[in-house]
>>> print(open('input.json').read())   # JSON, C-alpha atoms and all ligand atoms
[["chain", "number", "residue", "atom", "x", "y", "z"],
["N", 1, "MET", "CA", 0.00, 0.00, 0.00],
["N", 2, "ALA", "CA", 1.67, 3.17, -1.16],
["N", 3, "ILE", "CA", -0.42, 5.56, 0.89],
["N", 4, "ALA", "CA", -0.49, 4.73, 4.57],
["N", 5, "ALA", "CA", -2.58, 7.50, 6.08],
["N", 6, "GLU", "CA", -6.19, 6.99, 7.03],
["N", 7, "SER", "CA", -8.65, 9.20, 5.24],
["N", 8, "GLN", "CA", -10.37, 11.73, 7.42],
["N", 9, "GLN", "CA", -13.27, 13.85, 6.31],
["N", 10, "GLU", "CA", -13.05, 17.48, 7.34],
["N", 11, "PRO", "CA", -16.10, 19.16, 8.81],
["N", 12, "LYS", "CA", -17.86, 20.54, 5.80],
["N", 13, "THR", "CA", -19.91, 23.47, 4.71],
["N", 14, "PRO", "CA", -23.32, 22.42, 3.32],
["N", 15, "LEU", "CA", -22.98, 19.37, 1.14],
["N", 16, "LYS", "CA", -23.71, 19.33, -2.56],
["N", 17, "ALA", "CA", -26.02, 16.65, -3.90],
["N", 18, "SER", "CA", -23.10, 14.78, -5.52],
["N", 19, "GLU", "CA", -21.21, 14.66, -2.23],
["N", 20, "VAL", "CA", -24.20, 13.34, -0.36],
["N", 21, "GLU", "CA", -24.61, 10.62, -2.96],
["N", 22, "LYS", "CA", -21.26, 9.08, -2.19],
["N", 23, "ARG", "CA", -18.62, 10.15, 0.28],
["N", 24, "TRP", "CA", -15.43, 8.40, -0.74],
["N", 25, "THR", "CA", -12.54, 7.70, 1.59],
["N", 26, "LEU", "CA", -9.15, 6.14, 1.07],
["N", 27, "ASN", "CA", -10.50, 2.97, 2.72],
["N", 28, "ASP", "CA", -12.70, 2.40, -0.33],
["N", 29, "PHE", "CA", -9.62, 1.67, -2.46],
["N", 30, "ASP", "CA", -6.77, -0.79, -2.76],
["N", 31, "ILE", "CA", -3.78, 1.18, -3.94],
["N", 32, "GLY", "CA", -1.50, -0.30, -6.59],
["N", 33, "LYS", "CA", 1.57, 0.78, -8.53],
["N", 34, "PRO", "CA", 2.45, 4.44, -9.11],
["N", 35, "LEU", "CA", 1.46, 5.56, -12.63],
["N", 36, "GLY", "CA", 3.40, 8.79, -12.60],
["N", 37, "ARG", "CA", 3.99, 12.02, -10.81],
["N", 38, "GLY", "CA", 3.01, 15.58, -11.58],
["N", 39, "LYS", "CA", 3.78, 19.01, -10.15],
["N", 40, "PHE", "CA", 1.44, 18.64, -7.18],
["N", 41, "GLY", "CA", 1.49, 14.97, -6.32],
["N", 42, "HIS", "CA", 1.36, 11.39, -7.50],
["N", 43, "VAL", "CA", -0.98, 9.19, -9.49],
["N", 44, "TYR", "CA", -1.59, 5.55, -8.49],
["N", 45, "LEU", "CA", -3.41, 2.67, -10.03],
["N", 46, "ALA", "CA", -6.22, 1.76, -7.62],
["N", 47, "ARG", "CA", -9.16, -0.59, -7.30],
["N", 48, "GLU", "CA", -12.45, 0.37, -5.75],
["N", 49, "LYS", "CA", -13.06, -2.44, -3.30],
["N", 50, "LYS", "CA", -16.80, -2.94, -3.68],
["N", 51, "SER", "CA", -17.06, -2.86, -7.47],
["N", 52, "ASN", "CA", -13.50, -3.98, -8.32],
["N", 53, "HIS", "CA", -13.46, -1.02, -10.68],
["N", 54, "ILE", "CA", -9.92, -0.03, -11.70],
["N", 55, "VAL", "CA", -9.22, 3.71, -11.51],
["N", 56, "ALA", "CA", -6.33, 6.15, -11.40],
["N", 57, "LEU", "CA", -6.13, 7.90, -8.04],
["N", 58, "LYS", "CA", -4.47, 11.29, -8.19],
["N", 59, "VAL", "CA", -3.13, 12.44, -4.85],
["N", 60, "LEU", "CA", -2.43, 16.15, -4.50],
["N", 61, "PHE", "CA", -0.79, 17.82, -1.53],
["N", 62, "LYS", "CA", -2.84, 20.69, -0.13],
["N", 63, "SER", "CA", 0.30, 22.54, 1.00],
["N", 64, "GLN", "CA", 1.66, 22.58, -2.54],
["N", 65, "LEU", "CA", -1.69, 23.62, -4.00],
["N", 66, "LYS", "CA", -1.85, 26.50, -1.51],
["N", 67, "GLN", "CA", 1.72, 27.54, -2.11],
["N", 68, "SER", "CA", 1.15, 27.77, -5.86],
["N", 69, "GLN", "CA", -2.26, 29.38, -5.35],
["N", 70, "VAL", "CA", -4.01, 26.88, -7.61],
["N", 71, "GLU", "CA", -6.80, 25.71, -5.26],
["N", 72, "HIS", "CA", -9.24, 27.82, -7.22],
["N", 73, "GLN", "CA", -8.10, 26.28, -10.49],
["N", 74, "LEU", "CA", -8.41, 22.76, -9.06],
["N", 75, "ARG", "CA", -11.92, 23.44, -7.81],
["N", 76, "ARG", "CA", -12.94, 24.62, -11.28],
["N", 77, "GLU", "CA", -11.23, 21.62, -12.89],
["N", 78, "VAL", "CA", -13.15, 19.21, -10.64],
["N", 79, "GLU", "CA", -16.43, 21.04, -11.08],
["N", 80, "ILE", "CA", -16.16, 20.98, -14.88],
["N", 81, "GLN", "CA", -14.61, 17.54, -15.46],
["N", 82, "SER", "CA", -16.92, 15.66, -13.11],
["N", 83, "HIS", "CA", -19.94, 16.67, -15.22],
["N", 84, "LEU", "CA", -18.54, 15.52, -18.56],
["N", 85, "ARG", "CA", -19.44, 12.21, -20.19],
["N", 86, "HIS", "CA", -17.76, 11.48, -23.52],
["N", 87, "PRO", "CA", -15.67, 8.52, -24.74],
["N", 88, "ASN", "CA", -12.79, 10.87, -25.61],
["N", 89, "ILE", "CA", -12.82, 12.81, -22.35],
["N", 90, "LEU", "CA", -11.22, 11.34, -19.25],
["N", 91, "ARG", "CA", -13.88, 10.74, -16.60],
["N", 92, "LEU", "CA", -13.52, 12.22, -13.16],
["N", 93, "TYR", "CA", -15.66, 9.95, -10.98],
["N", 94, "GLY", "CA", -15.31, 11.87, -7.75],
["N", 95, "TYR", "CA", -12.99, 13.32, -5.14],
["N", 96, "PHE", "CA", -12.33, 13.34, -1.43],
["N", 97, "TYR", "CA", -9.78, 14.79, 0.94],
["N", 98, "ASP", "CA", -8.11, 14.47, 4.28],
["N", 99, "GLN", "CA", -6.11, 16.97, 6.31],
["N", 100, "THR", "CA", -3.13, 17.11, 4.01],
["N", 101, "ARG", "CA", -4.22, 15.75, 0.64],
["N", 102, "VAL", "CA", -6.88, 15.97, -2.05],
["N", 103, "TYR", "CA", -7.71, 12.77, -3.97],
["N", 104, "LEU", "CA", -9.16, 12.71, -7.47],
["N", 105, "ILE", "CA", -10.76, 9.47, -8.67],
["N", 106, "LEU", "CA", -10.02, 9.34, -12.40],
["N", 107, "GLU", "CA", -10.71, 6.97, -15.26],
["N", 108, "TYR", "CA", -7.64, 4.81, -15.84],
["N", 109, "ALA", "CA", -6.05, 5.37, -19.25],
["N", 110, "ALA", "CA", -4.31, 2.01, -19.72],
["N", 111, "LYS", "CA", -2.06, 2.98, -22.62],
["N", 112, "GLY", "CA", -0.64, 6.06, -20.93],
["N", 113, "GLU", "CA", 0.52, 9.33, -22.34],
["N", 114, "LEU", "CA", 0.19, 10.32, -25.99],
["N", 115, "TYR", "CA", 3.21, 12.55, -25.54],
["N", 116, "LYS", "CA", 5.43, 9.51, -24.98],
["N", 117, "GLU", "CA", 3.99, 7.75, -28.06],
["N", 118, "LEU", "CA", 4.78, 10.80, -30.16],
["N", 119, "GLN", "CA", 8.32, 10.94, -28.79],
["N", 120, "LYS", "CA", 8.76, 7.26, -29.60],
["N", 121, "SER", "CA", 7.41, 7.43, -33.16],
["N", 122, "LYS", "CA", 8.64, 11.02, -33.85],
["N", 123, "CYS", "CA", 5.49, 11.57, -35.93],
["N", 124, "PHE", "CA", 2.26, 9.74, -36.81],
["N", 125, "SER", "CA", 0.85, 8.47, -40.09],
["N", 126, "GLU", "CA", -2.00, 10.32, -41.79],
["N", 127, "ARG", "CA", -4.39, 7.53, -40.79],
["N", 128, "ARG", "CA", -3.44, 7.73, -37.14],
["N", 129, "THR", "CA", -3.44, 11.56, -37.13],
["N", 130, "ALA", "CA", -6.81, 11.85, -38.86],
["N", 131, "THR", "CA", -8.37, 9.31, -36.46],
["N", 132, "TYR", "CA", -7.05, 11.20, -33.44],
["N", 133, "ILE", "CA", -8.03, 14.64, -34.78],
["N", 134, "ALA", "CA", -11.55, 13.47, -35.64],
["N", 135, "SER", "CA", -12.04, 11.98, -32.17],
["N", 136, "LEU", "CA", -10.78, 15.17, -30.54],
["N", 137, "ALA", "CA", -13.05, 17.26, -32.76],
["N", 138, "ARG", "CA", -16.03, 15.19, -31.57],
["N", 139, "ALA", "CA", -14.97, 15.65, -27.94],
["N", 140, "LEU", "CA", -14.57, 19.41, -28.45],
["N", 141, "ILE", "CA", -17.99, 19.68, -30.14],
["N", 142, "TYR", "CA", -19.42, 18.02, -27.03],
["N", 143, "LEU", "CA", -17.47, 20.34, -24.71],
["N", 144, "HIS", "CA", -18.35, 23.52, -26.57],
["N", 145, "GLY", "CA", -21.99, 22.42, -26.59],
["N", 146, "LYS", "CA", -21.75, 22.46, -22.81],
["N", 147, "HIS", "CA", -20.15, 25.90, -22.92],
["N", 148, "VAL", "CA", -16.79, 24.55, -21.81],
["N", 149, "ILE", "CA", -13.59, 25.66, -23.52],
["N", 150, "HIS", "CA", -10.54, 23.52, -22.79],
["N", 151, "ARG", "CA", -7.87, 26.13, -23.71],
["N", 152, "ASP", "CA", -4.92, 23.78, -23.21],
["N", 153, "ILE", "CA", -5.13, 21.10, -25.90],
["N", 154, "LYS", "CA", -1.61, 19.67, -26.36],
["N", 155, "PRO", "CA", 0.05, 16.23, -26.45],
["N", 156, "GLU", "CA", 0.92, 16.37, -22.72],
["N", 157, "ASN", "CA", -2.77, 16.61, -21.84],
["N", 158, "LEU", "CA", -3.89, 13.60, -23.87],
["N", 159, "LEU", "CA", -4.00, 10.03, -22.57],
["N", 160, "ILE", "CA", -4.69, 6.78, -24.41],
["N", 161, "GLY", "CA", -7.33, 4.29, -23.29],
["N", 162, "LEU", "CA", -7.21, 0.50, -23.45],
["N", 163, "GLN", "CA", -8.65, 0.31, -26.99],
["N", 164, "GLY", "CA", -6.31, 3.04, -28.26],
["N", 165, "GLU", "CA", -8.88, 5.82, -27.93],
["N", 166, "LEU", "CA", -7.65, 9.33, -27.10],
["N", 167, "LYS", "CA", -8.83, 10.92, -23.85],
["N", 168, "ILE", "CA", -8.66, 14.62, -23.15],
["N", 169, "ALA", "CA", -7.34, 15.03, -19.60],
["N", 170, "ASP", "CA", -6.28, 17.96, -17.47],
["N", 171, "PHE", "CA", -9.01, 20.55, -17.35],
["N", 172, "GLY", "CA", -6.87, 22.93, -15.27],
["N", 173, "TRP", "CA", -7.14, 25.75, -17.79],
["N", 174, "SER", "CA", -10.68, 25.11, -18.92],
["N", 175, "VAL", "CA", -13.47, 27.62, -18.41],
["N", 176, "HIS", "CA", -17.19, 27.43, -18.32],
["N", 177, "THR", "CA", -18.53, 30.31, -20.37],
["N", 178, "PHE", "CA", -21.85, 31.35, -19.00],
["N", 179, "ASN", "CA", -24.85, 30.66, -21.10],
["N", 180, "ARG", "CA", -26.07, 34.01, -22.33],
["N", 181, "ARG", "CA", -29.53, 32.76, -23.09],
["N", 182, "GLN", "CA", -30.03, 31.44, -19.59],
["N", 183, "THR", "CA", -28.20, 33.91, -17.42],
["N", 184, "MET", "CA", -28.37, 37.13, -19.38],
["N", 185, "CYS", "CA", -31.86, 36.99, -20.75],
["N", 186, "GLY", "CA", -32.94, 40.51, -21.62],
["N", 187, "THR", "CA", -29.63, 42.17, -20.85],
["N", 188, "LEU", "CA", -27.82, 41.16, -24.04],
["N", 189, "ASP", "CA", -28.86, 44.43, -25.70],
["N", 190, "TYR", "CA", -26.43, 46.34, -23.54],
["N", 191, "LEU", "CA", -23.37, 44.24, -24.24],
["N", 192, "PRO", "CA", -20.66, 45.77, -26.45],
["N", 193, "PRO", "CA", -19.74, 43.83, -29.61],
["N", 194, "GLU", "CA", -16.39, 42.59, -28.27],
["N", 195, "MET", "CA", -18.16, 40.91, -25.36],
["N", 196, "VAL", "CA", -20.92, 39.37, -27.43],
["N", 197, "GLU", "CA", -18.35, 38.17, -29.92],
["N", 198, "SER", "CA", -15.77, 36.99, -27.46],
["N", 199, "ILE", "CA", -18.26, 34.86, -25.56],
["N", 200, "GLN", "CA", -19.40, 33.35, -28.80],
["N", 201, "HIS", "CA", -16.01, 32.84, -30.36],
["N", 202, "ASP", "CA", -13.76, 31.96, -27.47],
["N", 203, "ALA", "CA", -14.30, 28.30, -28.26],
["N", 204, "SER", "CA", -12.32, 28.81, -31.45],
["N", 205, "VAL", "CA", -9.08, 28.82, -29.41],
["N", 206, "ASP", "CA", -9.54, 25.04, -29.23],
["N", 207, "ILE", "CA", -9.78, 24.85, -33.04],
["N", 208, "TRP", "CA", -6.45, 26.65, -33.32],
["N", 209, "SER", "CA", -4.82, 24.23, -30.82],
["N", 210, "LEU", "CA", -6.26, 21.28, -32.73],
["N", 211, "GLY", "CA", -4.65, 22.64, -35.90],
["N", 212, "ILE", "CA", -1.29, 22.90, -34.10],
["N", 213, "LEU", "CA", -1.73, 19.35, -32.83],
["N", 214, "CYS", "CA", -2.55, 18.04, -36.33],
["N", 215, "TYR", "CA", 0.63, 19.64, -37.69],
["N", 216, "GLU", "CA", 2.75, 18.29, -34.82],
["N", 217, "PHE", "CA", 1.39, 14.75, -35.26],
["N", 218, "LEU", "CA", 2.29, 14.78, -38.95],
["N", 219, "TYR", "CA", 5.60, 16.67, -38.89],
["N", 220, "GLY", "CA", 6.86, 15.80, -35.40],
["N", 221, "VAL", "CA", 7.30, 19.45, -34.39],
["N", 222, "PRO", "CA", 4.78, 22.24, -33.76],
["N", 223, "PRO", "CA", 4.49, 24.65, -36.72],
["N", 224, "PHE", "CA", 5.82, 27.84, -35.12],
["N", 225, "GLU", "CA", 8.74, 26.31, -33.24],
["N", 226, "ALA", "CA", 11.81, 28.54, -33.00],
["N", 227, "LYS", "CA", 14.95, 28.73, -30.88],
["N", 228, "GLU", "CA", 13.85, 31.86, -29.04],
["N", 229, "HIS", "CA", 10.49, 32.43, -27.37],
["N", 230, "SER", "CA", 10.23, 35.83, -29.02],
["N", 231, "ASP", "CA", 10.63, 34.27, -32.48],
["N", 232, "THR", "CA", 7.90, 31.71, -31.79],
["N", 233, "TYR", "CA", 5.71, 34.59, -30.66],
["N", 234, "ARG", "CA", 6.42, 36.54, -33.87],
["N", 235, "ARG", "CA", 5.72, 33.49, -36.03],
["N", 236, "ILE", "CA", 2.38, 32.84, -34.28],
["N", 237, "VAL", "CA", 1.25, 36.44, -34.63],
["N", 238, "LYS", "CA", 2.15, 36.44, -38.34],
["N", 239, "VAL", "CA", 0.76, 32.91, -38.76],
["N", 240, "ASP", "CA", 4.07, 32.06, -40.42],
["N", 241, "LEU", "CA", 2.90, 28.61, -41.49],
["N", 242, "LYS", "CA", 5.24, 26.53, -43.65],
["N", 243, "PHE", "CA", 4.88, 22.97, -44.83],
["N", 244, "PRO", "CA", 8.26, 21.33, -45.32],
["N", 245, "ALA", "CA", 8.36, 18.84, -48.19],
["N", 246, "LYS", "CA", 7.43, 15.45, -46.77],
["N", 247, "PRO", "CA", 6.15, 12.61, -48.91],
["N", 248, "THR", "CA", 4.02, 11.18, -46.09],
["N", 249, "VAL", "CA", 1.95, 14.36, -45.74],
["N", 250, "SER", "CA", -0.61, 14.96, -48.48],
["N", 251, "PRO", "CA", -1.98, 18.30, -49.75],
["N", 252, "GLY", "CA", -5.33, 17.44, -48.12],
["N", 253, "ALA", "CA", -3.75, 17.49, -44.65],
["N", 254, "GLN", "CA", -2.08, 20.81, -45.40],
["N", 255, "ASP", "CA", -5.38, 22.24, -46.59],
["N", 256, "LEU", "CA", -7.11, 21.21, -43.37],
["N", 257, "ILE", "CA", -4.35, 22.67, -41.17],
["N", 258, "SER", "CA", -4.39, 25.93, -43.16],
["N", 259, "GLN", "CA", -8.12, 26.25, -42.53],
["N", 260, "MET", "CA", -7.69, 25.80, -38.78],
["N", 261, "LEU", "CA", -4.67, 28.03, -38.26],
["N", 262, "VAL", "CA", -6.39, 31.24, -39.30],
["N", 263, "LYS", "CA", -5.64, 34.46, -37.42],
["N", 264, "ASP", "CA", -9.22, 35.74, -37.50],
["N", 265, "SER", "CA", -10.83, 33.37, -35.01],
["N", 266, "THR", "CA", -14.25, 33.73, -36.63],
["N", 267, "GLN", "CA", -12.86, 32.32, -39.88],
["N", 268, "ARG", "CA", -11.45, 29.08, -38.46],
["N", 269, "LEU", "CA", -12.98, 25.90, -39.83],
["N", 270, "PRO", "CA", -15.90, 24.96, -37.56],
["N", 271, "LEU", "CA", -15.45, 21.55, -35.94],
["N", 272, "HIS", "CA", -18.46, 19.94, -37.63],
["N", 273, "LYS", "CA", -17.00, 21.02, -41.00],
["N", 274, "LEU", "CA", -13.66, 19.53, -39.98],
["N", 275, "LEU", "CA", -15.38, 16.18, -39.64],
["N", 276, "GLU", "CA", -16.64, 16.53, -43.23],
["N", 277, "HIS", "CA", -13.25, 17.56, -44.66],
["N", 278, "SER", "CA", -12.20, 15.13, -47.41],
["N", 279, "TRP", "CA", -8.82, 14.37, -45.81],
["N", 280, "ILE", "CA", -10.52, 13.40, -42.54],
["N", 281, "VAL", "CA", -13.20, 11.37, -44.31],
["N", 282, "GLN", "CA", -10.58, 9.51, -46.38],
["N", 283, "ASN", "CA", -8.12, 8.86, -43.55],
["N", 284, "ALA", "CA", -9.89, 8.68, -40.19],
["N", 285, "ASP", "CA", -10.80, 5.20, -39.02],
["N", 286, "PRO", "CA", -14.61, 5.01, -39.02],
["N", 287, "SER", "CA", -14.51, 3.19, -35.67],
["N", 288, "GLY", "CA", -13.06, 6.38, -34.16],
["N", 289, "VAL", "CA", -10.20, 4.39, -32.63],
["N", 290, "TYR", "CA", -6.64, 3.94, -33.88],
["N", 291, "ARG", "CA", -5.57, 0.37, -33.23],
["N", 292, "GLY", "CA", -2.10, 0.50, -34.73],
["N", 301, "LIG", "N1", -5.91, 8.69, -15.59],
["N", 301, "LIG", "C1", -4.68, 8.25, -15.76],
["N", 301, "LIG", "N2", -4.45, 7.02, -16.29],
["N", 301, "LIG", "C2", -3.19, 6.59, -16.47],
["N", 301, "LIG", "N3", -2.09, 7.30, -16.15],
["N", 301, "LIG", "C3", -2.25, 8.54, -15.63],
["N", 301, "LIG", "C4", -3.54, 9.07, -15.40],
["N", 301, "LIG", "N4", -3.41, 10.30, -14.88],
["N", 301, "LIG", "C5", -2.09, 10.53, -14.79],
["N", 301, "LIG", "N5", -1.37, 9.48, -15.23],
["N", 301, "LIG", "C6", 0.10, 9.36, -15.26],
["N", 301, "LIG", "O1", 0.63, 10.06, -14.16],
["N", 301, "LIG", "C7", 1.45, 11.14, -14.59],
["N", 301, "LIG", "C8", 1.26, 12.33, -13.67],
["N", 301, "LIG", "O2", -0.02, 12.86, -13.89],
["N", 301, "LIG", "P1", -0.44, 14.29, -13.38],
["N", 301, "LIG", "O3", -1.76, 14.58, -14.00],
["N", 301, "LIG", "O4", -0.30, 14.38, -11.91],
["N", 301, "LIG", "O5", 0.67, 15.22, -13.88],
["N", 301, "LIG", "P2", 0.94, 15.88, -15.26],
["N", 301, "LIG", "O6", -0.32, 16.27, -15.92],
["N", 301, "LIG", "O7", 1.87, 14.99, -16.05],
["N", 301, "LIG", "O8", 1.77, 17.11, -14.82],
["N", 301, "LIG", "P3", 1.30, 18.46, -14.14],
["N", 301, "LIG", "O9", 1.27, 18.21, -12.69],
["N", 301, "LIG", "O10", 2.36, 19.37, -14.58],
["N", 301, "LIG", "O11", -0.05, 18.79, -14.72],
["N", 301, "LIG", "C9", 1.06, 11.39, -16.03],
["N", 301, "LIG", "O12", 2.12, 11.94, -16.73],
["N", 301, "LIG", "C10", 0.66, 9.99, -16.50],
["N", 301, "LIG", "O13", 1.79, 9.28, -16.90]]
>>> encode(input="input.json", output="structure tokens")
Amino acid sequence: MAIAAESQQEPKTPLKASEVEKRWTLNDFDIGKPLGRGKFGHVYLAREKKSNHIVALKVLFKSQLKQSQVEHQLRREVEIQSHLRHPNILRLYGYFYDQTRVYLILEYAAKGELYKELQKSKCFSERRTATYIASLARALIYLHGKHVIHRDIKPENLLIGLQGELKIADFGWSVHTFNRRQTMCGTLDYLPPEMVESIQHDASVDIWSLGILCYEFLYGVPPFEAKEHSDTYRRIVKVDLKFPAKPTVSPGAQDLISQMLVKDSTQRLPLHKLLEHSWIVQNADPSGVYRG
């Protein structure tokens, strides 16, 4: 058993419905091998005793969260991720805490980090890339439909499930844009254009990141990479997009990337159109899963 301490519930402020439903403690789990470590703690393979369900238990140290002033971010991450249900989004089943630690009960992604796969293979085939990009587009359509913007789509935040399916993890930078129709009924008339537009179009940051990801999968490096930070910055602002000659990357892929990496966020290819793009249709596995 890697974690020895007994779980202790702190006295709580009024409970939310989800907390009343099930109050987890460390005693509910058998703890297995460490899966990895992050900035704020460790992740362990674990088994929920009653159901035998295998999960990943992320253990975060409160002191470190406080020190880095990220408690707020974590609360938002938990609040958002626990409400999402999609095959390409890592489930967050629940959480609990004791005096020193916070525990997140996460879906176990058996095939680990996509980042490591990319490092191993240097780059992916068109078939593999298109399958991944299509599955991420479907997950983002779902997210945006729930008014959630991820804002941090990159290889380090993607895990691979048992069947080879991609899972978006790490919602630390995500935001829930408020639903204008529900919360601002009647007051929309007074909003300036930049606010109306920004609420509506913020989701397009995820389309840009998906374009970067598509390029990186195919070429092995992100498109605006440069030695100096300031040069990368300049290249992004100019959208200095170049496609080095590479026989394994077809003009269709370049066309798709060019339509996503557009400076004017309103002109980026909408995600449902991405799914209809001929390169995606021709290359993405219809099962939605890349099996190698
Ligand atoms: N649900 C999971 N299934 C399988 N492995 C996981 C899971 N979650 C995390 N891991 C493994 O544990 C490692 C640490 O995860 P964690 O989320 O704490 O940190 P991170 O995202 O890599 O880094 P940071 O703390 O900077 O966000 C990951 O790199 C991954 O290898």
>>> closest_residue(input="input.json", among="N:Asn157, N:Thr266, N:Gln163, N:Ser121", to="Ile89 in chain N", atoms="all atoms listed in the file")
N:Asn157
>>> residues_around(input="input.json", residues="Leu166 in chain N", least_positions_apart="3", cutoff="6 Å", atoms="all atoms listed in the file", output="list in words")
Asn88, Leu159 and Ile160 of chain N
>>> residues_near_ligand(input="input.json", ligand="ligand LIG 301 (chain N)", cutoff="6 Å", atoms="all atoms listed in the file", output="mmCIF file with C-alpha atoms, keeping the file's coordinate frame")
data_model
loop_
_atom_site.group_PDB
_atom_site.id
_atom_site.type_symbol
_atom_site.label_atom_id
_atom_site.label_comp_id
_atom_site.auth_asym_id
_atom_site.auth_seq_id
_atom_site.Cartn_x
_atom_site.Cartn_y
_atom_site.Cartn_z
ATOM 1 C CA LEU N 35 1.460 5.560 -12.630
ATOM 2 C CA GLY N 36 3.400 8.790 -12.600
ATOM 3 C CA ARG N 37 3.990 12.020 -10.810
ATOM 4 C CA GLY N 38 3.010 15.580 -11.580
ATOM 5 C CA LYS N 39 3.780 19.010 -10.150
ATOM 6 C CA PHE N 40 1.440 18.640 -7.180
ATOM 7 C CA GLY N 41 1.490 14.970 -6.320
ATOM 8 C CA HIS N 42 1.360 11.390 -7.500
ATOM 9 C CA VAL N 43 -0.980 9.190 -9.490
ATOM 10 C CA ALA N 56 -6.330 6.150 -11.400
ATOM 11 C CA LEU N 106 -10.020 9.340 -12.400
ATOM 12 C CA GLU N 107 -10.710 6.970 -15.260
ATOM 13 C CA TYR N 108 -7.640 4.810 -15.840
ATOM 14 C CA ALA N 109 -6.050 5.370 -19.250
ATOM 15 C CA ALA N 110 -4.310 2.010 -19.720
ATOM 16 C CA GLY N 112 -0.640 6.060 -20.930
ATOM 17 C CA GLU N 113 0.520 9.330 -22.340
#
>>> closest_residue(input="input.json", among="N:Lys22, N:Lys242, N:Arg291, N:Arg235", to="Gly161 in chain N", atoms="all atoms listed in the file")
N:Arg291
>>> residues_around(input="input.json", residues="range 128-132 of chain N", least_positions_apart="6", cutoff="12 Å", atoms="only C-alpha atoms", output="PyMOL selection string")
chain N and resi 88+114+117-118+121+138-139+155+158-160+164-168+210-220+248-250+252-253+256-257+274-292
>>> closest_residue(input="input.json", among="N:Val237, N:Phe243, N:Gln69, N:Asp206", to="Pro223 in chain N", atoms="only C-alpha atoms")
N:Phe243
>>> atom_distance(input="input.json", atom1="CA of Ala46 in chain N", atom2="CA of Asp30 in chain N")
5.5 Å
>>> closest_residue(input="input.json", among="N:Ile149, N:Ile105, N:Val70, N:Leu140", to="Leu45 in chain N", atoms="all atoms listed in the file")
N:Ile105
>>> atom_distance(input="input.json", atom1="CA of Arg47 in chain N", atom2="CA of Leu90 in chain N")
17.0 Å
>>> closest_residue(input="input.json", among="N:Asn52, N:Thr25, N:Ser68, N:Ser125", to="Tyr95 in chain N", atoms="only C-alpha atoms")
N:Thr25
>>> atom_distance(input="input.json", atom1="CA of Leu269 in chain N", atom2="CA of Leu143 in chain N")
16.7 Å
>>> residues_around(input="input.json", residues="Phe171 in chain N", least_positions_apart="4", cutoff="10 Å", atoms="all atoms listed in the file", output="short mmCIF file (atom, residue, chain, number, x, y, z; two decimals) with C-alpha atoms, keeping the file's coordinate frame")
data_model
loop_
_atom_site.label_atom_id
_atom_site.label_comp_id
_atom_site.auth_asym_id
_atom_site.auth_seq_id
_atom_site.Cartn_x
_atom_site.Cartn_y
_atom_site.Cartn_z
CA GLN N 73 -8.10 26.28 -10.49
CA LEU N 74 -8.41 22.76 -9.06
CA ARG N 76 -12.94 24.62 -11.28
CA GLU N 77 -11.23 21.62 -12.89
CA VAL N 78 -13.15 19.21 -10.64
CA GLU N 79 -16.43 21.04 -11.08
CA ILE N 80 -16.16 20.98 -14.88
CA GLN N 81 -14.61 17.54 -15.46
CA ILE N 89 -12.82 12.81 -22.35
CA LEU N 90 -11.22 11.34 -19.25
CA VAL N 148 -16.79 24.55 -21.81
CA ILE N 149 -13.59 25.66 -23.52
CA HIS N 150 -10.54 23.52 -22.79
CA ARG N 151 -7.87 26.13 -23.71
CA ASP N 152 -4.92 23.78 -23.21
CA ILE N 153 -5.13 21.10 -25.90
CA ASN N 157 -2.77 16.61 -21.84
CA VAL N 175 -13.47 27.62 -18.41
#
>>> closest_residue(input="input.json", among="N:Lys120, N:Lys111, N:His72, N:Arg234", to="Trp173 in chain N", atoms="only C-alpha atoms")
N:His72
